[in-house]
$ cat run10.txt   # compact mmCIF, C-alpha atoms and all ligand atoms
# COMPACT_ATOMS: atom_id res chain seq x y z
CA MET Q 1 102.60 -37.95 1.51
CA ASP Q 2 105.65 -38.60 -0.62
CA ARG Q 3 108.54 -37.65 1.63
CA ILE Q 4 109.25 -38.33 5.27
CA VAL Q 5 112.19 -37.53 7.52
CA LEU Q 6 113.04 -39.82 10.41
CA ASP Q 7 115.00 -38.38 13.30
CA SER Q 8 117.92 -40.63 14.34
CA PRO Q 9 116.63 -44.13 13.55
CA LEU Q 10 118.08 -46.80 15.81
CA ASP Q 11 118.30 -50.51 15.14
CA MET Q 12 118.14 -52.11 18.57
CA HIS Q 13 119.11 -55.63 17.44
CA VAL Q 14 121.65 -56.29 14.72
CA HIS Q 15 124.26 -58.94 13.90
CA PHE Q 16 127.45 -57.64 12.34
CA ARG Q 17 129.60 -60.83 12.59
CA THR Q 18 133.37 -60.24 12.29
CA GLY Q 19 136.13 -59.94 9.68
CA ASN Q 20 135.17 -59.69 6.01
CA MET Q 21 131.46 -60.10 6.62
CA LEU Q 22 131.53 -57.28 9.18
CA LYS Q 23 133.36 -54.94 6.81
CA PHE Q 24 130.77 -55.69 4.18
CA VAL Q 25 127.54 -55.40 6.20
CA VAL Q 26 128.28 -52.60 8.72
CA PRO Q 27 127.96 -49.78 6.13
CA TYR Q 28 124.38 -50.83 5.26
CA THR Q 29 123.35 -50.16 8.86
CA ALA Q 30 125.74 -47.27 9.48
CA CYS Q 31 124.41 -45.24 6.55
CA ASN Q 32 120.70 -45.62 7.38
CA PHE Q 33 120.76 -45.54 11.18
CA ALA Q 34 122.15 -43.24 13.86
CA GLY Q 35 123.06 -46.20 16.04
CA ALA Q 36 122.44 -49.88 16.65
CA MET Q 37 122.63 -52.42 19.45
CA VAL Q 38 125.10 -55.05 18.32
CA MET Q 39 124.60 -58.70 19.20
CA PRO Q 40 127.47 -60.65 20.80
CA ASN Q 41 126.96 -64.10 19.20
CA THR Q 42 130.11 -63.80 17.15
CA ASP Q 43 132.72 -66.50 16.79
CA PRO Q 44 134.29 -66.32 19.38
CA ILE Q 45 131.52 -64.81 21.50
CA ILE Q 46 131.85 -61.39 23.18
CA ASP Q 47 132.15 -62.36 26.82
CA ASN Q 48 134.63 -59.93 28.36
CA HIS Q 49 135.40 -56.23 28.48
CA TYR Q 50 138.49 -56.42 26.32
CA ALA Q 51 136.74 -58.36 23.52
CA LEU Q 52 133.83 -55.93 23.65
CA CYS Q 53 136.04 -52.85 23.27
CA ARG Q 54 138.01 -54.46 20.46
CA TYR Q 55 134.81 -55.45 18.71
CA ARG Q 56 133.48 -51.89 18.98
CA GLU Q 57 136.69 -50.60 17.39
CA GLU Q 58 136.35 -53.11 14.55
CA ILE Q 59 132.81 -51.86 13.91
CA LYS Q 60 133.79 -48.19 14.09
CA ALA Q 61 136.59 -48.77 11.58
CA ALA Q 62 134.09 -50.35 9.18
CA CYS Q 63 131.75 -47.32 9.46
CA LYS Q 64 134.39 -45.11 7.84
CA ASP Q 65 132.94 -41.57 7.82
CA ALA Q 66 129.33 -42.41 8.69
CA PHE Q 67 127.90 -40.91 11.87
CA PHE Q 68 126.96 -44.06 13.69
CA GLU Q 69 127.05 -45.22 17.30
CA PRO Q 70 127.43 -48.95 17.99
CA TYR Q 71 125.88 -49.91 21.33
CA MET Q 72 127.54 -53.00 22.66
CA THR Q 73 126.25 -56.13 24.38
CA LEU Q 74 127.85 -58.97 26.29
CA TYR Q 75 126.94 -62.62 25.80
CA PHE Q 76 125.26 -63.80 29.04
CA GLN Q 77 127.49 -66.20 30.93
CA THR Q 78 126.77 -67.69 34.33
CA SER Q 79 130.45 -67.22 35.22
CA TYR Q 80 130.17 -63.39 35.28
CA THR Q 81 131.06 -61.87 38.63
CA ARG Q 82 129.63 -58.67 40.03
CA GLN Q 83 133.06 -57.06 39.84
CA MET Q 84 133.51 -57.97 36.19
CA LEU Q 85 130.10 -56.50 35.31
CA GLU Q 86 130.85 -53.38 37.30
CA GLU Q 87 134.04 -52.87 35.30
CA CYS Q 88 132.18 -53.28 31.98
CA ARG Q 89 129.15 -51.24 32.97
CA GLN Q 90 130.00 -48.03 31.14
CA ASP Q 91 130.53 -49.81 27.82
CA VAL Q 92 127.59 -52.21 27.89
CA LEU Q 93 124.05 -51.35 26.88
CA ALA Q 94 122.59 -54.77 27.69
CA ILE Q 95 123.54 -58.39 28.28
CA LYS Q 96 122.10 -60.82 25.76
CA LEU Q 97 120.90 -64.18 27.01
CA TYR Q 98 120.70 -67.13 24.63
CA PRO Q 99 119.15 -70.41 25.75
CA ARG Q 100 121.70 -73.06 24.80
CA GLY Q 101 121.50 -74.46 21.26
CA ILE Q 102 118.52 -72.39 20.16
CA THR Q 103 119.99 -70.29 17.34
CA THR Q 104 123.22 -69.23 15.56
CA ASN Q 105 126.26 -69.52 17.88
CA SER Q 106 124.19 -70.31 20.94
CA GLY Q 107 126.33 -73.26 21.98
CA HIS Q 108 127.67 -71.03 24.75
CA GLY Q 109 124.16 -70.16 25.89
CA VAL Q 110 122.66 -71.04 29.24
CA LEU Q 111 120.36 -73.73 30.53
CA ILE Q 112 117.40 -71.73 31.77
CA SER Q 113 117.03 -74.09 34.76
CA ASP Q 114 120.62 -73.39 35.92
CA PRO Q 115 120.34 -71.59 39.30
CA GLU Q 116 123.48 -69.56 38.47
CA VAL Q 117 121.46 -67.69 35.83
CA GLU Q 118 119.60 -65.95 38.62
CA THR Q 119 122.80 -65.03 40.44
CA VAL Q 120 123.84 -62.99 37.39
CA LEU Q 121 120.32 -61.56 37.00
CA GLY Q 122 120.71 -60.33 40.58
CA TYR Q 123 123.99 -58.51 39.74
CA MET Q 124 122.44 -56.99 36.63
CA THR Q 125 119.49 -55.71 38.65
CA GLU Q 126 121.84 -54.11 41.20
CA LEU Q 127 123.97 -52.52 38.48
CA GLY Q 128 121.02 -51.45 36.29
CA ILE Q 129 122.11 -53.46 33.24
CA PRO Q 130 119.16 -54.42 31.01
CA LEU Q 131 118.61 -58.07 30.05
CA SER Q 132 118.08 -58.78 26.36
CA VAL Q 133 116.68 -62.25 25.65
CA HIS Q 134 116.28 -64.65 22.77
CA GLY Q 135 113.07 -66.10 24.23
CA GLU Q 136 112.56 -69.58 22.82
CA THR Q 137 112.45 -73.04 24.39
CA ASP Q 138 113.63 -76.20 22.63
CA GLY Q 139 110.05 -77.43 22.18
CA TYR Q 140 108.02 -77.73 18.99
CA VAL Q 141 109.34 -74.97 16.76
CA MET Q 142 106.05 -73.11 16.27
CA ARG Q 143 105.43 -73.03 20.04
CA ARG Q 144 108.92 -72.15 21.26
CA GLU Q 145 108.29 -68.48 21.89
CA ARG Q 146 104.90 -69.11 23.50
CA GLU Q 147 106.49 -71.66 25.84
CA PHE Q 148 109.18 -69.18 26.86
CA MET Q 149 106.57 -66.69 28.16
CA ARG Q 150 106.50 -68.46 31.54
CA THR Q 151 110.21 -67.71 31.98
CA TYR Q 152 109.73 -64.02 31.10
CA GLU Q 153 106.86 -63.80 33.57
CA ARG Q 154 108.84 -65.44 36.36
CA TRP Q 155 111.79 -63.09 35.89
CA ALA Q 156 109.58 -60.00 35.47
CA VAL Q 157 107.94 -60.67 38.84
CA LYS Q 158 111.10 -61.74 40.68
CA TYR Q 159 113.22 -58.82 39.37
CA PRO Q 160 110.82 -55.87 39.04
CA LYS Q 161 113.76 -53.44 38.75
CA LEU Q 162 115.43 -55.39 35.92
CA LYS Q 163 114.61 -54.15 32.42
CA ILE Q 164 113.84 -57.23 30.33
CA ILE Q 165 113.78 -56.92 26.55
CA MET Q 166 111.98 -59.68 24.69
CA GLU Q 167 113.89 -59.68 21.41
CA HIS Q 168 112.24 -60.15 18.01
CA ILE Q 169 108.79 -61.04 19.34
CA SER Q 170 106.70 -63.00 16.88
CA THR Q 171 103.47 -63.94 18.68
CA ALA Q 172 100.26 -62.47 20.09
CA GLU Q 173 101.17 -64.06 23.46
CA ALA Q 174 104.32 -61.95 23.66
CA VAL Q 175 102.24 -58.82 23.05
CA ASN Q 176 100.07 -59.84 26.02
CA VAL Q 177 103.09 -60.32 28.29
CA LEU Q 178 104.40 -56.93 27.18
CA GLY Q 179 101.16 -55.38 28.36
CA THR Q 180 101.23 -57.14 31.72
CA TYR Q 181 104.64 -56.28 33.22
CA PRO Q 182 105.95 -52.72 33.49
CA ASN Q 183 109.60 -53.85 33.35
CA VAL Q 184 109.20 -55.86 30.12
CA PHE Q 185 109.93 -54.32 26.70
CA ALA Q 186 110.26 -55.73 23.18
CA THR Q 187 111.85 -55.41 19.78
CA VAL Q 188 110.03 -56.27 16.55
CA THR Q 189 111.71 -57.07 13.23
CA PRO Q 190 110.52 -55.88 9.81
CA HIS Q 191 110.03 -59.49 8.69
CA HIS Q 192 107.88 -60.55 11.66
CA LEU Q 193 105.89 -57.34 11.26
CA LEU Q 194 105.22 -57.82 7.55
CA MET Q 195 105.36 -61.56 6.79
CA THR Q 196 103.98 -64.92 7.89
CA THR Q 197 104.96 -68.59 7.61
CA ASP Q 198 103.29 -68.52 4.19
CA ASP Q 199 105.98 -66.18 2.90
CA LEU Q 200 108.61 -68.63 4.11
CA CYS Q 201 107.15 -71.88 2.81
CA GLY Q 202 103.48 -71.48 1.82
CA ASP Q 203 104.40 -71.62 -1.84
CA MET Q 204 108.05 -72.24 -2.71
CA LEU Q 205 110.67 -72.44 0.05
CA ARG Q 206 112.34 -69.06 0.61
CA PRO Q 207 115.52 -69.93 2.55
CA HIS Q 208 116.48 -66.28 2.93
CA LEU Q 209 113.38 -65.78 5.10
CA PHE Q 210 114.30 -68.64 7.41
CA CYS Q 211 115.06 -67.20 10.83
CA LYS Q 212 114.63 -67.81 14.54
CA PRO Q 213 112.00 -67.33 15.75
CA LEU Q 214 110.17 -68.61 12.68
CA LEU Q 215 107.70 -66.32 10.96
CA LYS Q 216 104.26 -66.97 12.44
CA SER Q 217 100.54 -66.80 11.63
CA PRO Q 218 98.51 -63.91 10.14
CA GLU Q 219 96.91 -63.47 13.59
CA ASP Q 220 100.31 -63.10 15.25
CA ARG Q 221 101.41 -60.62 12.61
CA ALA Q 222 98.18 -58.64 13.13
CA ALA Q 223 98.93 -58.44 16.88
CA LEU Q 224 102.43 -57.09 16.17
CA GLN Q 225 101.07 -54.54 13.71
CA ALA Q 226 98.41 -53.37 16.15
CA LEU Q 227 101.14 -53.01 18.79
CA VAL Q 228 103.55 -50.89 16.75
CA LEU Q 229 100.78 -48.77 15.22
CA GLY Q 230 99.53 -47.88 18.70
CA GLU Q 231 96.14 -49.49 18.12
CA LEU Q 232 96.28 -51.40 21.42
CA SER Q 233 97.33 -48.49 23.60
CA ASP Q 234 99.70 -45.60 23.59
CA GLU Q 235 101.42 -46.96 26.69
CA LEU Q 236 102.09 -50.31 25.03
CA GLN Q 237 103.36 -48.66 21.85
CA ARG Q 238 106.05 -46.91 23.88
CA LYS Q 239 107.43 -50.27 25.00
CA VAL Q 240 108.32 -51.52 21.53
CA MET Q 241 111.42 -50.76 19.46
CA LEU Q 242 112.61 -51.58 15.98
CA GLY Q 243 115.24 -54.32 16.11
CA THR Q 244 115.89 -55.55 12.60
CA ASP Q 245 117.65 -58.76 13.70
CA SER Q 246 119.56 -58.33 10.45
CA ALA Q 247 121.57 -61.55 10.48
CA PRO Q 248 123.73 -62.07 7.40
CA HIS Q 249 124.88 -65.50 6.32
CA ALA Q 250 126.79 -66.14 3.10
CA LYS Q 251 124.48 -67.10 0.20
CA ASN Q 252 125.86 -70.64 0.05
CA LYS Q 253 125.19 -71.13 3.79
CA LYS Q 254 121.51 -70.30 3.24
CA GLU Q 255 120.91 -72.11 -0.07
CA CYS Q 256 121.86 -75.61 1.03
CA ASP Q 257 120.86 -78.58 3.10
CA CYS Q 258 120.91 -77.45 6.78
CA GLY Q 259 120.79 -73.75 5.96
CA CYS Q 260 121.53 -71.14 8.63
CA ALA Q 261 118.81 -69.11 10.33
CA GLY Q 262 118.84 -65.35 9.80
CA VAL Q 263 117.40 -62.68 7.49
CA PHE Q 264 119.73 -60.02 6.11
CA ASN Q 265 117.45 -57.00 6.01
CA ALA Q 266 119.75 -54.06 6.85
CA PRO Q 267 119.75 -52.56 3.30
CA TYR Q 268 115.95 -52.27 3.06
CA ALA Q 269 114.72 -52.31 6.66
CA LEU Q 270 113.45 -48.73 6.76
CA PRO Q 271 111.88 -48.62 3.27
CA SER Q 272 110.12 -51.92 3.98
CA ILE Q 273 108.28 -50.75 7.11
CA VAL Q 274 107.38 -47.22 6.04
CA PRO Q 275 104.25 -48.13 3.97
CA LEU Q 276 102.58 -49.83 6.95
CA PHE Q 277 102.74 -46.58 8.93
CA VAL Q 278 102.13 -44.15 6.05
CA GLU Q 279 98.99 -45.95 4.86
CA LYS Q 280 97.47 -45.66 8.31
CA ASP Q 281 98.65 -42.09 8.79
CA LYS Q 282 100.79 -43.11 11.78
CA LEU Q 283 103.96 -41.09 11.38
CA PRO Q 284 104.38 -40.17 15.07
CA GLU Q 285 104.14 -43.89 15.87
CA LEU Q 286 106.78 -44.64 13.21
CA GLN Q 287 109.16 -42.09 14.74
CA ARG Q 288 108.63 -43.59 18.19
CA PHE Q 289 109.07 -47.15 16.92
CA VAL Q 290 112.31 -46.45 15.05
CA SER Q 291 113.95 -44.18 17.62
CA ASP Q 292 112.18 -42.38 20.48
CA ASN Q 293 111.07 -45.48 22.38
CA ALA Q 294 114.57 -46.96 22.36
CA LYS Q 295 116.05 -43.69 23.61
CA ALA Q 296 113.59 -43.62 26.51
CA ILE Q 297 113.90 -47.31 27.38
CA TYR Q 298 117.70 -47.47 27.30
CA GLY Q 299 118.36 -43.86 28.32
CA ILE Q 300 120.54 -43.13 25.28
CA ASP Q 301 120.92 -40.25 22.89
CA THR Q 302 122.69 -39.96 19.57
CA LEU Q 303 123.81 -37.35 17.13
CA PRO Q 304 120.70 -35.96 15.38
CA LYS Q 305 121.01 -37.93 12.15
CA MET Q 306 118.13 -37.31 9.78
CA VAL Q 307 117.11 -39.99 7.30
CA GLU Q 308 114.92 -38.83 4.42
CA LEU Q 309 112.79 -41.35 2.55
CA HIS Q 310 110.87 -40.76 -0.66
CA ARG Q 311 107.91 -42.58 -2.16
CA GLU Q 312 109.85 -43.87 -5.12
CA SER Q 313 109.98 -47.41 -6.46
CA GLN Q 314 113.21 -49.31 -6.33
CA ARG Q 315 114.07 -52.89 -7.14
CA ALA Q 316 115.96 -54.51 -4.28
CA ASN Q 317 119.25 -56.12 -5.29
CA ALA Q 318 119.01 -59.83 -6.06
CA PHE Q 319 122.21 -60.28 -4.09
CA LEU Q 320 124.92 -58.11 -2.66
CA GLY Q 321 128.47 -59.16 -3.23
CA HIS Q 322 131.79 -57.54 -2.74
CA LEU Q 323 135.47 -58.29 -2.70
CA VAL Q 324 136.59 -57.02 0.69
CA GLY Q 325 140.18 -58.23 0.66
CA PRO Q 326 142.91 -59.60 -1.53
CA LYS Q 327 142.38 -63.31 -0.87
CA ASP Q 328 140.00 -65.73 -2.60
CA ASP Q 329 137.94 -66.15 0.56
CA SER Q 330 137.34 -62.43 0.83
CA TYR Q 331 134.42 -62.37 -1.59
CA VAL Q 332 131.26 -61.87 0.45
CA CYS Q 333 127.87 -62.59 -1.12
CA VAL Q 334 124.58 -62.27 0.75
CA VAL Q 335 120.95 -62.15 -0.34
CA PRO Q 336 118.92 -59.36 1.28
CA MET Q 337 115.28 -59.44 2.30
CA TYR Q 338 113.05 -58.47 -0.66
CA ALA Q 339 115.76 -59.57 -3.10
CA ASP Q 340 114.77 -58.67 -6.66
CA GLN Q 341 111.39 -57.32 -5.54
CA ILE Q 342 109.98 -53.83 -5.86
CA LEU Q 343 109.92 -51.60 -2.80
CA ARG Q 344 107.75 -48.49 -2.83
CA TRP Q 345 110.02 -46.29 -0.73
CA ARG Q 346 113.72 -45.58 -0.70
CA VAL Q 347 116.21 -43.72 1.48
CA ARG Q 348 117.13 -40.59 -0.48
CA LYS Q 349 119.55 -38.81 1.81
CA THR Q 350 120.86 -38.57 5.34
CA TRP Q 351 122.40 -35.66 7.20
CA VAL Q 352 123.34 -34.62 10.69
CA ASP Q 353 121.32 -31.61 11.87
CA PRO Q 354 123.98 -28.92 12.33
CA VAL Q 355 121.94 -26.83 14.77
CA ARG Q 356 121.09 -29.63 17.17
CA THR Q 357 124.57 -31.12 16.90
CA LYS Q 358 125.84 -28.17 18.89
CA VAL Q 359 123.59 -28.91 21.83
CA VAL Q 360 123.07 -32.68 21.66
CA LEU Q 361 126.26 -34.59 22.23
CA PRO Q 362 126.20 -38.37 22.38
CA LYS Q 363 125.89 -39.49 25.96
CA SER Q 364 127.62 -42.55 27.29
CA PRO Q 365 125.38 -45.57 26.79
CA LEU Q 366 124.28 -45.65 30.40
CA ALA Q 367 120.92 -47.33 30.75
CA LYS Q 368 118.69 -45.87 33.42
C1 LIG Q 401 120.52 -64.86 14.30
C2 LIG Q 401 121.94 -65.04 13.75
O1 LIG Q 401 122.10 -65.60 12.68
O2 LIG Q 401 122.87 -64.60 14.44
N1 LIG Q 401 119.61 -65.67 13.53
C3 LIG Q 401 118.28 -65.53 13.44
O3 LIG Q 401 117.64 -66.37 12.82
N2 LIG Q 401 117.63 -64.52 13.98
C4 LIG Q 401 120.51 -65.17 15.75
C5 LIG Q 401 119.25 -64.82 16.45
O4 LIG Q 401 118.98 -63.65 16.72
O5 LIG Q 401 118.48 -65.74 16.73
ZN ZN Q 402 119.31 -61.78 16.49
$ encode --input "run10.txt" --output "structure tokens" --more "lines below"
Ligand code: NCD
Ligand code: ZN
Amino acid sequence: MDRIVLDSPLDMHVHFRTGNMLKFVVPYTACNFAGAMVMPNTDPIIDNHYALCRYREEIKAACKDAFFEPYMTLYFQTSYTRQMLEECRQDVLAIKLYPRGITTNSGHGVLISDPEVETVLGYMTELGIPLSVHGETDGYVMRREREFMRTYERWAVKYPKLKIIMEHISTAEAVNVLGTYPNVFATVTPHHLLMTTDDLCGDMLRPHLFCKPLLKSPEDRAALQALVLGELSDELQRKVMLGTDSAPHAKNKKECDCGCAGVFNAPYALPSIVPLFVEKDKLPELQRFVSDNAKAIYGIDTLPKMVELHRESQRANAFLGHLVGPKDDSYVCVVPMYADQILRWRVRKTWVDPVRTKVVLPKSPLAK
């Protein structure tokens, strides 16, 4: 098989930042995906309806002519009232919870032990707003996700009607939790699916693969692969979505002492994961992973944007840089995942299916 067509790929976890960086990175996602769920850990954070709508406009402007739907999130705050959430409901796909201090711009995150967290979880359950979570404790870095499983389990049992999305899962334990609770779902990134701690620091240090949660063991990676390929069960496979966690940081903020966490994978996310599915003859599972599962879980639909990939070698750019404005500080330079390496697949073309466009109109992002 040398050519595949994906129907409306969705990236259910992406960081676009703001300003010059946003203008630079949005097109990489907007040209390869039909839509994406945008994270709210910007500076300042997205914590009210007005900021959310303005942020969506900023993203749409950066898409230019691309058919692309940004699905918006709010940054979980214990100060949210039921009325405020009710007012935002139509424009919010999920609320993203960050434990305080655990990753980029999580200084405004919550203390998991704060009883007010549950007050807001109660409102979200009543209003049917899904909870998206960066699930890590502040313990030993390789055990942080495992330690957070107790919190997921507690919430899953206490709020059976709340949809809980474990973002960027990286461990076999998370796969187990996914299989245990009907209201728990997950995203998986290309890097956690394809790489291990060895890729990050087994040989030389690769700062551009440093992210939260850290890349894990070969056994953890095998559990994630079995999950997305449907080797565990069909039911479990339907609970997992592609979320690239594409998280750009300027090159100099990664290649330094105290480098930032985040992998910028938007340019090569789809070509990087295709071989895993093609080699095992799992194309229906690929389609579900990159689109259908997210549509079912969040109750969304998009314009039918087709993305055609060919088996054709390409060398990934060593860096991507661009002058996005007239000032000196408007030069953006980021290093993508697989920089300067050969990828076996590439996106050849994208188009919006003209027949289905007539009948499928984008629905409002109302989660069921
Ligand atoms: C993300 C970022 O830089 O915003 N970084 C990361 O390592 N994944 C935040 C996050 O999702 O943790
Ligand atoms: Zn993220």
$ closest_atom_pairs --input "run10.txt" --of "chain Q" --to "ligand LIG 401 (chain Q)" --cutoff "10 Å" --atoms "all atoms listed in the file" --output "JSON lines"
{"residue": "Q:His13", "atom": "CA", "partner": "Q:LIG401", "partner_atom": "O4", "distance": 8.1}
{"residue": "Q:Val14", "atom": "CA", "partner": "Q:LIG401", "partner_atom": "O4", "distance": 8.1}
{"residue": "Q:His15", "atom": "CA", "partner": "Q:LIG401", "partner_atom": "O2", "distance": 5.9}
{"residue": "Q:Phe16", "atom": "CA", "partner": "Q:LIG401", "partner_atom": "O2", "distance": 8.6}
{"residue": "Q:Arg17", "atom": "CA", "partner": "Q:LIG401", "partner_atom": "O2", "distance": 7.9}
{"residue": "Q:Met39", "atom": "CA", "partner": "Q:LIG401", "partner_atom": "O2", "distance": 7.8}
{"residue": "Q:Pro40", "atom": "CA", "partner": "Q:LIG401", "partner_atom": "O2", "distance": 8.8}
{"residue": "Q:Asn41", "atom": "CA", "partner": "Q:LIG401", "partner_atom": "O2", "distance": 6.3}
{"residue": "Q:Thr42", "atom": "CA", "partner": "Q:LIG401", "partner_atom": "O2", "distance": 7.8}
{"residue": "Q:Lys96", "atom": "CA", "partner": "Q:LIG401", "partner_atom": "O4", "distance": 10.0}
{"residue": "Q:Tyr98", "atom": "CA", "partner": "Q:LIG401", "partner_atom": "O5", "distance": 8.3}
{"residue": "Q:Ile102", "atom": "CA", "partner": "Q:LIG401", "partner_atom": "O5", "distance": 7.5}
{"residue": "Q:Thr103", "atom": "CA", "partner": "Q:LIG401", "partner_atom": "O5", "distance": 4.8}
{"residue": "Q:Thr104", "atom": "CA", "partner": "Q:LIG401", "partner_atom": "C2", "distance": 4.7}
{"residue": "Q:Asn105", "atom": "CA", "partner": "Q:LIG401", "partner_atom": "O2", "distance": 6.9}
{"residue": "Q:Ser106", "atom": "CA", "partner": "Q:LIG401", "partner_atom": "C4", "distance": 8.2}
{"residue": "Q:Val133", "atom": "CA", "partner": "Q:LIG401", "partner_atom": "O4", "distance": 9.3}
{"residue": "Q:His134", "atom": "CA", "partner": "Q:LIG401", "partner_atom": "O5", "distance": 6.5}
{"residue": "Q:Gly135", "atom": "CA", "partner": "Q:LIG401", "partner_atom": "O5", "distance": 9.3}
{"residue": "Q:Glu136", "atom": "CA", "partner": "Q:LIG401", "partner_atom": "O5", "distance": 9.3}
{"residue": "Q:Glu167", "atom": "CA", "partner": "Q:LIG401", "partner_atom": "O4", "distance": 8.0}
{"residue": "Q:His168", "atom": "CA", "partner": "Q:LIG401", "partner_atom": "O4", "distance": 7.7}
{"residue": "Q:Thr189", "atom": "CA", "partner": "Q:LIG401", "partner_atom": "N2", "distance": 9.5}
{"residue": "Q:His208", "atom": "CA", "partner": "Q:LIG401", "partner_atom": "O3", "distance": 10.0}
{"residue": "Q:Leu209", "atom": "CA", "partner": "Q:LIG401", "partner_atom": "O3", "distance": 8.8}
{"residue": "Q:Phe210", "atom": "CA", "partner": "Q:LIG401", "partner_atom": "O3", "distance": 6.8}
{"residue": "Q:Cys211", "atom": "CA", "partner": "Q:LIG401", "partner_atom": "O3", "distance": 3.4}
{"residue": "Q:Lys212", "atom": "CA", "partner": "Q:LIG401", "partner_atom": "O3", "distance": 3.8}
{"residue": "Q:Pro213", "atom": "CA", "partner": "Q:LIG401", "partner_atom": "O3", "distance": 6.4}
{"residue": "Q:Leu214", "atom": "CA", "partner": "Q:LIG401", "partner_atom": "O3", "distance": 7.8}
{"residue": "Q:Thr244", "atom": "CA", "partner": "Q:LIG401", "partner_atom": "N2", "distance": 9.2}
{"residue": "Q:Asp245", "atom": "CA", "partner": "Q:LIG401", "partner_atom": "N2", "distance": 5.8}
{"residue": "Q:Ser246", "atom": "CA", "partner": "Q:LIG401", "partner_atom": "N2", "distance": 7.4}
{"residue": "Q:Ala247", "atom": "CA", "partner": "Q:LIG401", "partner_atom": "O1", "distance": 4.6}
{"residue": "Q:Pro248", "atom": "CA", "partner": "Q:LIG401", "partner_atom": "O1", "distance": 6.6}
{"residue": "Q:His249", "atom": "CA", "partner": "Q:LIG401", "partner_atom": "O1", "distance": 6.9}
{"residue": "Q:Cys260", "atom": "CA", "partner": "Q:LIG401", "partner_atom": "O1", "distance": 6.9}
{"residue": "Q:Ala261", "atom": "CA", "partner": "Q:LIG401", "partner_atom": "O3", "distance": 3.9}
{"residue": "Q:Gly262", "atom": "CA", "partner": "Q:LIG401", "partner_atom": "O3", "distance": 3.4}
{"residue": "Q:Val263", "atom": "CA", "partner": "Q:LIG401", "partner_atom": "O3", "distance": 6.5}
{"residue": "Q:Phe264", "atom": "CA", "partner": "Q:LIG401", "partner_atom": "O1", "distance": 8.9}
$ residues_around --input "run10.txt" --residues "segment 231-243 of chain Q" --least-positions-apart "3" --cutoff "8 Å" --atoms "only C-alpha atoms" --output "list in words"
Leu10, Asp11, Met12, His13, Val14, Glu167, His168, Leu178, Gly179, Val184, Phe185, Ala186, Thr187, Val188, Thr189, Pro190, Ala226, Leu227, Val228, Glu285, Arg288, Phe289, Val290, Ser291, Asn293, Ala294 and Ile297 of chain Q
$ atom_distance --input "run10.txt" --atom1 "atom CA of Asp198 of chain Q" --atom2 "atom CA of Asp257 of chain Q"
20.3 Å
$ closest_residue --input "run10.txt" --among "Q:Asn48, Q:Thr350, Q:Gln341, Q:Asn265" --to "ligand ZN 402 (chain Q)" --atoms "only C-alpha atoms and all ligand atoms"
Q:Asn265
$ residues_around --input "run10.txt" --residues "Met195 of chain Q" --least-positions-apart "2" --cutoff "8 Å" --atoms "only C-alpha atoms" --output "VMD selection string"
chain Q and resid 191 to 193 197 to 199 215 to 216 218 221
